[in-house]
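Q: Sending over query-v3.cif (mmCIF, C-alpha atoms).
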data_protein
loop_
_atom_site.group_PDB
_atom_site.id
_atom_site.type_symbol
_atom_site.label_atom_id
_atom_site.label_comp_id
_atom_site.auth_asym_id
_atom_site.auth_seq_id
_atom_site.Cartn_x
_atom_site.Cartn_y
_atom_site.Cartn_z
ATOM 1 C CA MET A 6 -5.978 12.325 2.765
ATOM 2 C CA LYS A 7 -6.399 11.567 -0.896
ATOM 3 C CA PHE A 8 -6.790 8.056 -2.219
ATOM 4 C CA MET A 9 -7.052 6.611 -5.703
ATOM 5 C CA MET A 10 -9.448 3.679 -6.121
ATOM 6 C CA ILE A 11 -8.242 1.784 -9.163
ATOM 7 C CA ILE A 12 -10.157 -0.774 -11.227
ATOM 8 C CA LYS A 13 -7.933 -3.093 -13.254
ATOM 9 C CA SER A 14 -8.653 -4.072 -16.826
ATOM 10 C CA ASP A 15 -10.096 -7.408 -17.886
ATOM 11 C CA LYS A 16 -11.046 -9.098 -21.150
ATOM 12 C CA MET A 17 -14.265 -7.097 -21.451
ATOM 13 C CA THR A 18 -12.743 -3.668 -20.962
ATOM 14 C CA GLU A 19 -9.860 -4.552 -23.271
ATOM 15 C CA ALA A 20 -12.341 -5.734 -25.929
ATOM 16 C CA GLY A 21 -13.857 -2.258 -25.819
ATOM 17 C CA ALA A 22 -17.245 -3.549 -24.666
ATOM 18 C CA MET A 23 -19.433 -0.709 -23.448
ATOM 19 C CA PRO A 24 -21.031 -1.130 -20.007
ATOM 20 C CA SER A 25 -24.527 -2.592 -19.832
ATOM 21 C CA GLU A 26 -27.402 -0.335 -18.859
ATOM 22 C CA GLY A 27 -27.561 -2.004 -15.423
ATOM 23 C CA LEU A 28 -23.903 -1.266 -14.824
ATOM 24 C CA LEU A 29 -24.240 2.337 -15.968
ATOM 25 C CA ILE A 30 -27.091 2.863 -13.512
ATOM 26 C CA ALA A 31 -25.267 1.129 -10.627
ATOM 27 C CA MET A 32 -22.108 3.139 -11.206
ATOM 28 C CA GLY A 33 -24.088 6.350 -11.659
ATOM 29 C CA LYS A 34 -25.734 5.801 -8.254
ATOM 30 C CA TYR A 35 -22.421 5.019 -6.584
ATOM 31 C CA ASN A 36 -20.847 8.148 -8.080
ATOM 32 C CA GLU A 37 -23.803 10.184 -6.887
ATOM 33 C CA GLU A 38 -23.245 8.946 -3.327
ATOM 34 C CA LEU A 39 -19.574 9.922 -3.518
ATOM 35 C CA VAL A 40 -20.546 13.391 -4.734
ATOM 36 C CA LYS A 41 -23.233 13.842 -2.061
ATOM 37 C CA ALA A 42 -20.763 12.837 0.666
ATOM 38 C CA GLY A 43 -18.367 15.444 -0.719
ATOM 39 C CA VAL A 44 -15.540 12.940 -1.168
ATOM 40 C CA LEU A 45 -15.262 12.696 -4.967
ATOM 41 C CA LEU A 46 -12.443 14.662 -6.608
ATOM 42 C CA ALA A 47 -12.305 12.959 -9.996
ATOM 43 C CA ALA A 48 -13.443 9.817 -11.795
ATOM 44 C CA GLU A 49 -12.224 8.565 -15.154
ATOM 45 C CA GLY A 50 -12.635 5.565 -17.426
ATOM 46 C CA LEU A 51 -9.831 4.440 -19.715
ATOM 47 C CA GLN A 52 -10.336 3.268 -23.281
ATOM 48 C CA PRO A 53 -8.847 -0.109 -24.287
ATOM 49 C CA SER A 54 -5.049 -0.248 -24.457
ATOM 50 C CA SER A 55 -5.340 -0.731 -28.249
ATOM 51 C CA LYS A 56 -5.891 3.027 -28.386
ATOM 52 C CA GLY A 57 -2.813 3.705 -26.262
ATOM 53 C CA ALA A 58 0.932 3.282 -26.364
ATOM 54 C CA ARG A 59 3.897 2.594 -24.149
ATOM 55 C CA VAL A 60 6.979 4.729 -24.100
ATOM 56 C CA ARG A 61 10.122 3.270 -22.620
ATOM 57 C CA HIS A 62 12.975 5.590 -21.811
ATOM 58 C CA ALA A 63 16.336 3.843 -21.709
ATOM 59 C CA GLY A 64 19.758 5.386 -21.903
ATOM 60 C CA GLY A 65 18.309 8.717 -22.960
ATOM 61 C CA LYS A 66 16.295 7.251 -25.859
ATOM 62 C CA ALA A 67 12.511 6.969 -26.057
ATOM 63 C CA THR A 68 11.006 3.914 -27.765
ATOM 64 C CA VAL A 69 7.295 3.937 -28.619
ATOM 65 C CA ILE A 70 5.233 0.735 -28.791
ATOM 66 C CA ASP A 71 1.580 1.014 -29.796
ATOM 67 C CA GLY A 72 -1.075 -0.954 -27.901
ATOM 68 C CA PRO A 73 -2.839 -3.306 -27.360
ATOM 69 C CA PHE A 74 -0.971 -4.849 -24.431
ATOM 70 C CA ALA A 75 -1.675 -8.434 -23.473
ATOM 71 C CA GLU A 76 -1.355 -8.507 -19.683
ATOM 72 C CA ALA A 77 -4.769 -7.126 -18.659
ATOM 73 C CA LYS A 78 -3.963 -7.232 -14.925
ATOM 74 C CA GLU A 79 -1.068 -4.819 -15.512
ATOM 75 C CA LEU A 80 -3.522 -2.363 -17.066
ATOM 76 C CA ILE A 81 -5.994 -0.075 -15.411
ATOM 77 C CA ALA A 82 -9.529 0.460 -16.684
ATOM 78 C CA GLY A 83 -10.630 3.318 -14.498
ATOM 79 C CA PHE A 84 -10.236 5.150 -11.234
ATOM 80 C CA TRP A 85 -11.814 7.424 -8.671
ATOM 81 C CA LEU A 86 -9.888 10.024 -6.733
ATOM 82 C CA ILE A 87 -11.394 10.631 -3.278
ATOM 83 C CA GLN A 88 -10.691 12.904 -0.324
ATOM 84 C CA VAL A 89 -11.235 11.189 3.031
ATOM 85 C CA LYS A 90 -10.147 11.417 6.662
ATOM 86 C CA SER A 91 -8.460 8.027 6.930
ATOM 87 C CA LYS A 92 -7.452 4.877 5.089
ATOM 88 C CA ALA A 93 -10.293 3.101 6.928
ATOM 89 C CA GLU A 94 -12.801 5.514 5.398
ATOM 90 C CA ALA A 95 -11.300 4.927 1.938
ATOM 91 C CA ILE A 96 -11.637 1.162 2.467
ATOM 92 C CA GLU A 97 -15.299 1.607 3.410
ATOM 93 C CA TRP A 98 -15.938 3.402 0.107
ATOM 94 C CA ALA A 99 -13.987 0.767 -1.850
ATOM 95 C CA LYS A 100 -16.089 -1.994 -0.267
ATOM 96 C CA ARG A 101 -19.212 -0.325 -1.623
ATOM 97 C CA VAL A 102 -18.202 -0.298 -5.297
ATOM 98 C CA PRO A 103 -21.112 -2.098 -6.949
ATOM 99 C CA PHE A 104 -19.515 -5.437 -7.841
ATOM 100 C CA ASP A 105 -22.886 -7.114 -8.016
ATOM 101 C CA ALA A 106 -24.826 -8.756 -10.805
ATOM 102 C CA ASN A 107 -24.404 -5.624 -12.860
ATOM 103 C CA GLY A 108 -20.666 -5.305 -12.666
ATOM 104 C CA PRO A 109 -18.261 -3.386 -13.006
ATOM 105 C CA SER A 110 -17.051 -6.832 -14.043
ATOM 106 C CA ALA A 111 -20.373 -7.544 -15.677
ATOM 107 C CA HIS A 112 -19.298 -10.850 -17.214
ATOM 108 C CA ARG A 113 -18.326 -12.254 -13.798
ATOM 109 C CA ALA A 114 -21.013 -11.143 -11.361
ATOM 110 C CA GLY A 115 -19.857 -10.368 -7.851
ATOM 111 C CA VAL A 116 -16.162 -10.705 -8.686
ATOM 112 C CA GLY A 117 -13.621 -7.934 -8.942
ATOM 113 C CA GLU A 118 -10.889 -5.965 -7.293
ATOM 114 C CA ILE A 119 -10.218 -2.401 -6.257
ATOM 115 C CA GLU A 120 -6.699 -1.235 -5.564
ATOM 116 C CA LEU A 121 -6.499 1.584 -3.089
ATOM 117 C CA ARG A 122 -3.453 3.852 -3.207
ATOM 118 C CA GLN A 123 -2.666 6.942 -1.182
ATOM 119 C CA VAL A 124 -1.868 10.038 -3.228
ATOM 120 C CA PHE A 125 0.954 12.460 -2.451
ATOM 121 C CA GLU A 126 -0.062 15.959 -1.417
ATOM 122 C CA ALA A 127 1.912 19.204 -1.309
ATOM 123 C CA SER A 128 2.406 18.813 2.454
ATOM 124 C CA ASP A 129 4.379 15.589 1.820
ATOM 125 C CA PHE A 130 7.144 17.586 0.112
ATOM 126 C CA SER A 131 8.869 19.421 2.923
ATOM 127 C CA PRO A 132 10.696 22.620 1.910
ATOM 128 C CA ASP A 133 13.636 21.313 4.008
ATOM 129 C CA LEU A 134 14.157 18.567 1.436
ATOM 130 C CA TYR A 135 13.934 20.968 -1.514
ATOM 131 C CA PRO A 136 15.477 24.290 -0.421
ATOM 132 C CA SER A 137 16.731 25.593 -3.796
ATOM 133 C CA SER A 138 14.971 28.670 -5.107
ATOM 134 C CA GLU A 139 14.303 26.873 -8.417
ATOM 135 C CA ALA A 140 12.472 24.011 -6.697
ATOM 136 C CA GLN A 141 10.542 26.417 -4.478
ATOM 137 C CA GLU A 142 9.494 28.599 -7.453
ATOM 138 C CA LEU A 143 8.300 25.540 -9.370
ATOM 139 C CA MET A 144 6.375 24.218 -6.358
ATOM 140 C CA LYS A 145 4.684 27.577 -5.989
ATOM 141 C CA ALA A 146 3.687 27.569 -9.685
ATOM 142 C CA GLU A 147 2.298 24.035 -9.355
ATOM 143 C CA GLY A 148 0.364 25.035 -6.241
ATOM 144 C CA GLU A 149 -1.189 27.941 -8.125
ATOM 145 C CA PHE A 150 -2.158 25.644 -10.995
ATOM 146 C CA ARG A 151 -3.822 23.219 -8.570
ATOM 147 C CA LYS A 152 -5.699 26.018 -6.880
ATOM 148 C CA ARG A 153 -6.860 27.469 -10.209
ATOM 149 C CA THR A 154 -8.020 24.118 -11.568
ATOM 150 C CA ASN A 155 -9.305 22.824 -8.231
ATOM 151 C CA THR A 156 -7.260 19.615 -8.540
ATOM 152 C CA MET B 13 -8.824 14.198 -26.846
ATOM 153 C CA ARG B 14 -7.856 13.446 -23.264
ATOM 154 C CA PHE B 15 -5.029 11.064 -22.477
ATOM 155 C CA MET B 16 -3.641 9.707 -19.231
ATOM 156 C CA ILE B 17 0.119 9.356 -18.972
ATOM 157 C CA ILE B 18 0.806 6.589 -16.467
ATOM 158 C CA ARG B 19 4.161 6.348 -14.777
ATOM 159 C CA LYS B 20 4.706 2.729 -13.798
ATOM 160 C CA ALA B 21 6.096 1.862 -10.397
ATOM 161 C CA ASP B 22 9.623 0.550 -9.913
ATOM 162 C CA ARG B 23 11.819 -0.530 -7.019
ATOM 163 C CA GLU B 24 12.634 3.065 -6.101
ATOM 164 C CA THR B 25 9.044 4.322 -5.977
ATOM 165 C CA GLU B 26 8.063 1.234 -3.974
ATOM 166 C CA ALA B 27 10.920 1.874 -1.531
ATOM 167 C CA GLY B 28 9.310 5.210 -0.653
ATOM 168 C CA MET B 29 12.474 7.299 -0.892
ATOM 169 C CA PRO B 30 11.712 10.984 -1.452
ATOM 170 C CA PRO B 31 12.757 12.225 -4.922
ATOM 171 C CA THR B 32 15.994 14.203 -5.129
ATOM 172 C CA GLU B 33 15.804 17.946 -5.519
ATOM 173 C CA ALA B 34 17.125 17.670 -9.103
ATOM 174 C CA LEU B 35 14.391 15.176 -10.012
ATOM 175 C CA ILE B 36 11.583 17.116 -8.396
ATOM 176 C CA SER B 37 12.743 20.276 -10.193
ATOM 177 C CA ALA B 38 12.897 18.430 -13.542
ATOM 178 C CA MET B 39 9.408 16.972 -13.051
ATOM 179 C CA LEU B 40 7.912 20.273 -11.974
ATOM 180 C CA ALA B 41 9.572 22.085 -14.909
ATOM 181 C CA TYR B 42 8.105 19.483 -17.290
ATOM 182 C CA ASN B 43 4.647 19.897 -15.730
ATOM 183 C CA ASP B 44 5.039 23.655 -15.931
ATOM 184 C CA GLU B 45 5.695 23.429 -19.689
ATOM 185 C CA MET B 46 2.509 21.410 -20.122
ATOM 186 C CA ILE B 47 0.584 23.863 -17.939
ATOM 187 C CA LYS B 48 1.832 26.831 -20.004
ATOM 188 C CA ALA B 49 0.973 25.016 -23.249
ATOM 189 C CA GLY B 50 -2.561 24.561 -21.863
ATOM 190 C CA VAL B 51 -2.226 20.790 -22.181
ATOM 191 C CA MET B 52 -2.087 19.730 -18.532
ATOM 192 C CA LEU B 53 -5.410 19.071 -16.782
ATOM 193 C CA GLU B 54 -4.330 17.327 -13.595
ATOM 194 C CA GLY B 55 -1.818 14.913 -12.162
ATOM 195 C CA ALA B 56 -0.774 13.124 -9.010
ATOM 196 C CA GLY B 57 1.939 10.959 -7.561
ATOM 197 C CA LEU B 58 1.056 7.817 -5.643
ATOM 198 C CA GLN B 59 2.607 6.760 -2.388
ATOM 199 C CA ARG B 60 4.154 3.276 -2.195
ATOM 200 C CA SER B 61 1.750 0.357 -2.229
ATOM 201 C CA ALA B 62 2.688 -0.393 1.416
ATOM 202 C CA LYS B 63 0.320 2.463 2.294
ATOM 203 C CA GLY B 64 -2.502 1.046 0.172
ATOM 204 C CA ALA B 65 -4.794 -1.961 0.097
ATOM 205 C CA ARG B 66 -6.608 -4.249 -2.275
ATOM 206 C CA ILE B 67 -10.270 -5.008 -1.876
ATOM 207 C CA SER B 68 -11.204 -8.227 -3.649
ATOM 208 C CA PHE B 69 -14.825 -9.172 -4.294
ATOM 209 C CA SER B 70 -16.024 -12.723 -4.525
ATOM 210 C CA GLY B 71 -19.704 -13.520 -4.585
ATOM 211 C CA GLY B 72 -20.158 -9.775 -4.110
ATOM 212 C CA LYS B 73 -18.359 -9.873 -0.717
ATOM 213 C CA PRO B 74 -15.287 -7.714 -0.171
ATOM 214 C CA THR B 75 -12.036 -8.953 1.420
ATOM 215 C CA VAL B 76 -9.354 -6.420 2.342
ATOM 216 C CA VAL B 77 -5.631 -7.161 1.936
ATOM 217 C CA ASP B 78 -3.198 -4.456 3.002
ATOM 218 C CA GLY B 79 -0.171 -3.589 0.867
ATOM 219 C CA PRO B 80 2.662 -3.768 -0.033
ATOM 220 C CA PHE B 81 2.145 -5.672 -3.286
ATOM 221 C CA THR B 82 5.121 -7.368 -4.820
ATOM 222 C CA GLU B 83 4.466 -7.338 -8.572
ATOM 223 C CA THR B 84 5.897 -3.880 -9.185
ATOM 224 C CA LYS B 85 5.098 -3.856 -12.910
ATOM 225 C CA GLU B 86 1.391 -4.192 -12.093
ATOM 226 C CA LEU B 87 1.554 -1.017 -9.988
ATOM 227 C CA ILE B 88 1.438 2.604 -10.989
ATOM 228 C CA ALA B 89 3.436 5.390 -9.346
ATOM 229 C CA GLY B 90 1.740 8.432 -10.797
ATOM 230 C CA TYR B 91 -0.253 9.942 -13.634
ATOM 231 C CA SER B 92 -0.918 13.102 -15.586
ATOM 232 C CA ILE B 93 -4.048 13.868 -17.583
ATOM 233 C CA ILE B 94 -3.528 15.927 -20.728
ATOM 234 C CA GLU B 95 -5.767 17.349 -23.424
ATOM 235 C CA VAL B 96 -4.317 17.283 -26.929
ATOM 236 C CA GLU B 97 -5.408 17.238 -30.585
ATOM 237 C CA SER B 98 -4.094 13.764 -31.412
ATOM 238 C CA LYS B 99 -2.358 10.659 -30.093
ATOM 239 C CA ASP B 100 0.777 11.824 -31.920
ATOM 240 C CA GLU B 101 0.773 15.046 -29.931
ATOM 241 C CA ALA B 102 0.398 13.046 -26.712
ATOM 242 C CA ILE B 103 3.347 10.841 -27.712
ATOM 243 C CA ALA B 104 5.448 13.923 -28.495
ATOM 244 C CA TRP B 105 4.823 15.136 -24.920
ATOM 245 C CA ILE B 106 5.500 11.793 -23.292
ATOM 246 C CA LYS B 107 8.815 11.455 -25.171
ATOM 247 C CA ARG B 108 9.975 14.577 -23.395
ATOM 248 C CA TRP B 109 9.415 13.121 -19.938
ATOM 249 C CA PRO B 110 12.458 14.053 -17.783
ATOM 250 C CA GLN B 111 15.363 11.670 -18.342
ATOM 251 C CA LEU B 112 16.371 11.950 -14.697
ATOM 252 C CA ASP B 113 13.274 10.016 -13.663
ATOM 253 C CA GLY B 114 13.883 6.335 -12.969
ATOM 254 C CA GLY B 115 17.577 6.848 -13.652
ATOM 255 C CA GLY B 116 16.757 7.270 -17.372
ATOM 256 C CA ASN B 117 14.902 3.948 -17.501
ATOM 257 C CA VAL B 118 11.341 4.970 -16.838
ATOM 258 C CA GLN B 119 8.299 3.083 -18.192
ATOM 259 C CA LEU B 120 5.360 5.202 -19.271
ATOM 260 C CA GLU B 121 1.982 4.248 -20.634
ATOM 261 C CA LEU B 122 -0.389 6.393 -22.624
ATOM 262 C CA ARG B 123 -4.118 5.669 -22.443
ATOM 263 C CA GLN B 124 -7.012 7.504 -23.996
ATOM 264 C CA LEU B 125 -9.802 8.503 -21.597
ATOM 265 C CA PHE B 126 -13.512 8.147 -22.108
ATOM 266 C CA SER B 127 -15.626 11.285 -21.988
ATOM 267 C CA PRO B 128 -19.095 11.435 -20.409
ATOM 268 C CA GLU B 129 -20.588 11.619 -23.943
ATOM 269 C CA ASP B 130 -19.393 8.048 -24.522
ATOM 270 C CA PHE B 131 -21.857 6.864 -21.838
ATOM 271 C CA GLY B 132 -24.975 8.741 -22.923
ATOM 272 C CA GLU B 133 -27.080 11.671 -21.848
ATOM 273 C CA GLN B 134 -27.450 10.796 -18.181
ATOM 274 C CA ALA B 135 -23.691 10.507 -17.709
ATOM 275 C CA VAL B 136 -23.272 13.928 -19.355
ATOM 276 C CA GLU B 137 -25.812 15.442 -16.948
ATOM 277 C CA GLN B 138 -24.133 13.833 -13.949
ATOM 278 C CA ALA B 139 -20.718 15.133 -15.052
ATOM 279 C CA LYS B 140 -22.121 18.654 -15.439
ATOM 280 C CA GLU B 141 -23.691 18.514 -11.984
ATOM 281 C CA PHE B 142 -20.388 17.299 -10.510
ATOM 282 C CA GLU B 143 -18.473 20.150 -12.190
ATOM 283 C CA ARG B 144 -20.978 22.655 -10.804
ATOM 284 C CA GLN B 145 -20.578 21.349 -7.260
ATOM 285 C CA ARG B 146 -16.793 21.310 -7.535
ATOM 286 C CA LYS B 147 -16.717 25.064 -8.264
#
What do you get writing this file as structure tokens?
A:
Amino acid sequence: MKFMMIIKSDKMTEAGAMPSEGLLIAMGKYNEELVKAGVLLAAEGLQPSSKGARVRHAGGKATVIDGPFAEAKELIAGFWLIQVKSKAEAIEWAKRVPFDANGPSAHRAGVGEIELRQVFEASDFSPDLYPSSEAQELMKAEGEFRKRTNT
Amino acid sequence: MRFMIIRKADRETEAGMPPTEALISAMLAYNDEMIKAGVMLEGAGLQRSAKGARISFSGGKPTVVDGPFTETKELIAGYSIIEVESKDEAIAWIKRWPQLDGGGNVQLELRQLFSPEDFGEQAVEQAKEFERQRK
């Protein structure tokens, strides 16, 4: 099973503050453990929403609004993608994210939240649901892309 | 520059109904265009929050709360990571997101990603080591 461990934004991440050295080291160690256990598939940090945009599609029209966006808890600041055997195992990893004196929420030691979300995999899309040759061709192409890029 | 296109959750994604064949074909065709243009790096769809959990830390101690979570606009339903020359190019791609998705009323967010270089030499080394192990 694949899970995404999501860290939400807060005032610090939205202000574009770079992590402290202590936080960098703590996160580096945690990432290293994930790699050694063979569970890490990807990890990314997001820049402040001021560098982003929102695109709303409505009635066939796309409207672009540049960031920043005010509601920090609706924003994500980073994520890990992990491969585990069960939701319980994913929860164990989430519990070990270093929310200590060094962060990730470095301005509020020991406080934070991880959102854990299960990720769809190819096996969730049964060919019975999508029998058309077009859908099957496209699924095959996507599968080849994932294999090639190891994602 | 790498950007993440975030597809926000809505009532339908949270209900856990499988996408129609027309929608899945439209999404896969869109992804395929980005793959052929060499823009697409990775992407995933997320299952409804009912299958997830939140782990809150207070005083460094974790507390687990199982989903579902009700504030749909705080949730994400999927993402794609793309590599482009500029934010404008990323916006041009995101504007072409299939109109079938979300019944033509989909909410998308574009966010620039950090690269290991932004966090110094050690982060760059760690990223290289990770890439090596992945292959």
Q: Would you list the contacts of segment 55-65 of chain B as a PyMOL selection string, taking every protein, DNA or RNA residue within 10 Å and counting only C-alpha atoms, but skipping same-chain residues closer than 3 positions in sequence?
A: (chain A and resi 7-10+86+92+95-96+99+119-126+129+151+156) or (chain B and resi 16-19+21-29+43+52+68+76-82+84+87-94)
Q: What is the atom CA of Met144 of chain A-atom CA of Leu40 of chain B distance in Å, reported with one decimal?
A: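 Interatomic distance here is 7.0 Å.
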Q: Let me know the residues the PyMOL selection byres ((chain A) within 6 of (chain B)) catches in the file above, as JSON, numbers by chain.
A: {"A": [50, 51, 52, 57, 58, 59, 60, 61, 62, 63, 64, 65, 67, 79, 100, 104, 105, 115, 116, 117, 118, 119, 120, 121, 122, 123, 124, 125, 135, 140, 143]}
Q: So the first atom is atom CA of Gly72 of chain A and the second is atom CA of Lys56 of chain A; what is the distance between them in Å, to one decimal place?
A: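 Computing it gives 6.3 Å between the two atoms.
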Q: Report, in Å to a single decimal, how far apart atom CA of Leu39 of chain A and atom CA of Trp98 of chain A are.
A: 8.3 Å
Q: Would you place a box with edges along x, y and z of the file around all atoms of segment 23-40 of chain B listed there, add 3 Å to each of its six sides, and report the centre and edge lengths in Å to one decimal, as AutoDock Vina command-line options?
A:
--center_x 12.5 --center_y 9.9 --center_z -7.1 --size_x 15.2 --size_y 26.8 --size_z 18.9
Q: From the list A:Ser137, A:Met6, A:Val102, A:Pro53, which residue is nearest Ala31 of chain A when using all atoms listed in the file?
A: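 Answer, going by the shortest atom-to-atom distance: A:Val102.
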Q: Using only C-alpha atoms, which of A:Asn36, A:Thr154, A:Ser25, A:Thr68 sits nearest Trp85 of chain A?
A: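 Going through A:Asn36, A:Thr154, A:Ser25, A:Thr68 one by one, the smallest distance to Trp85 of chain A is for A:Asn36.
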Q: Let me make sure I understand: among A:Ser131, A:Gln88, A:Gln141, A:Asn155, which one has the smallest atom-to-atom distance to Ala42 of chain A if we use all atoms listed in the file?
A: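 Checking each candidate against Ala42 of chain A, we get A:Gln88 as the closest.
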Q: Evaluating the PyMOL selection byres ((chain A and resi 22) around 12) on the displayed file yields which residues, as a ChimeraX atom specification?
A: /A:14-21,23-25,51-53,82,109-112 /B:130-131
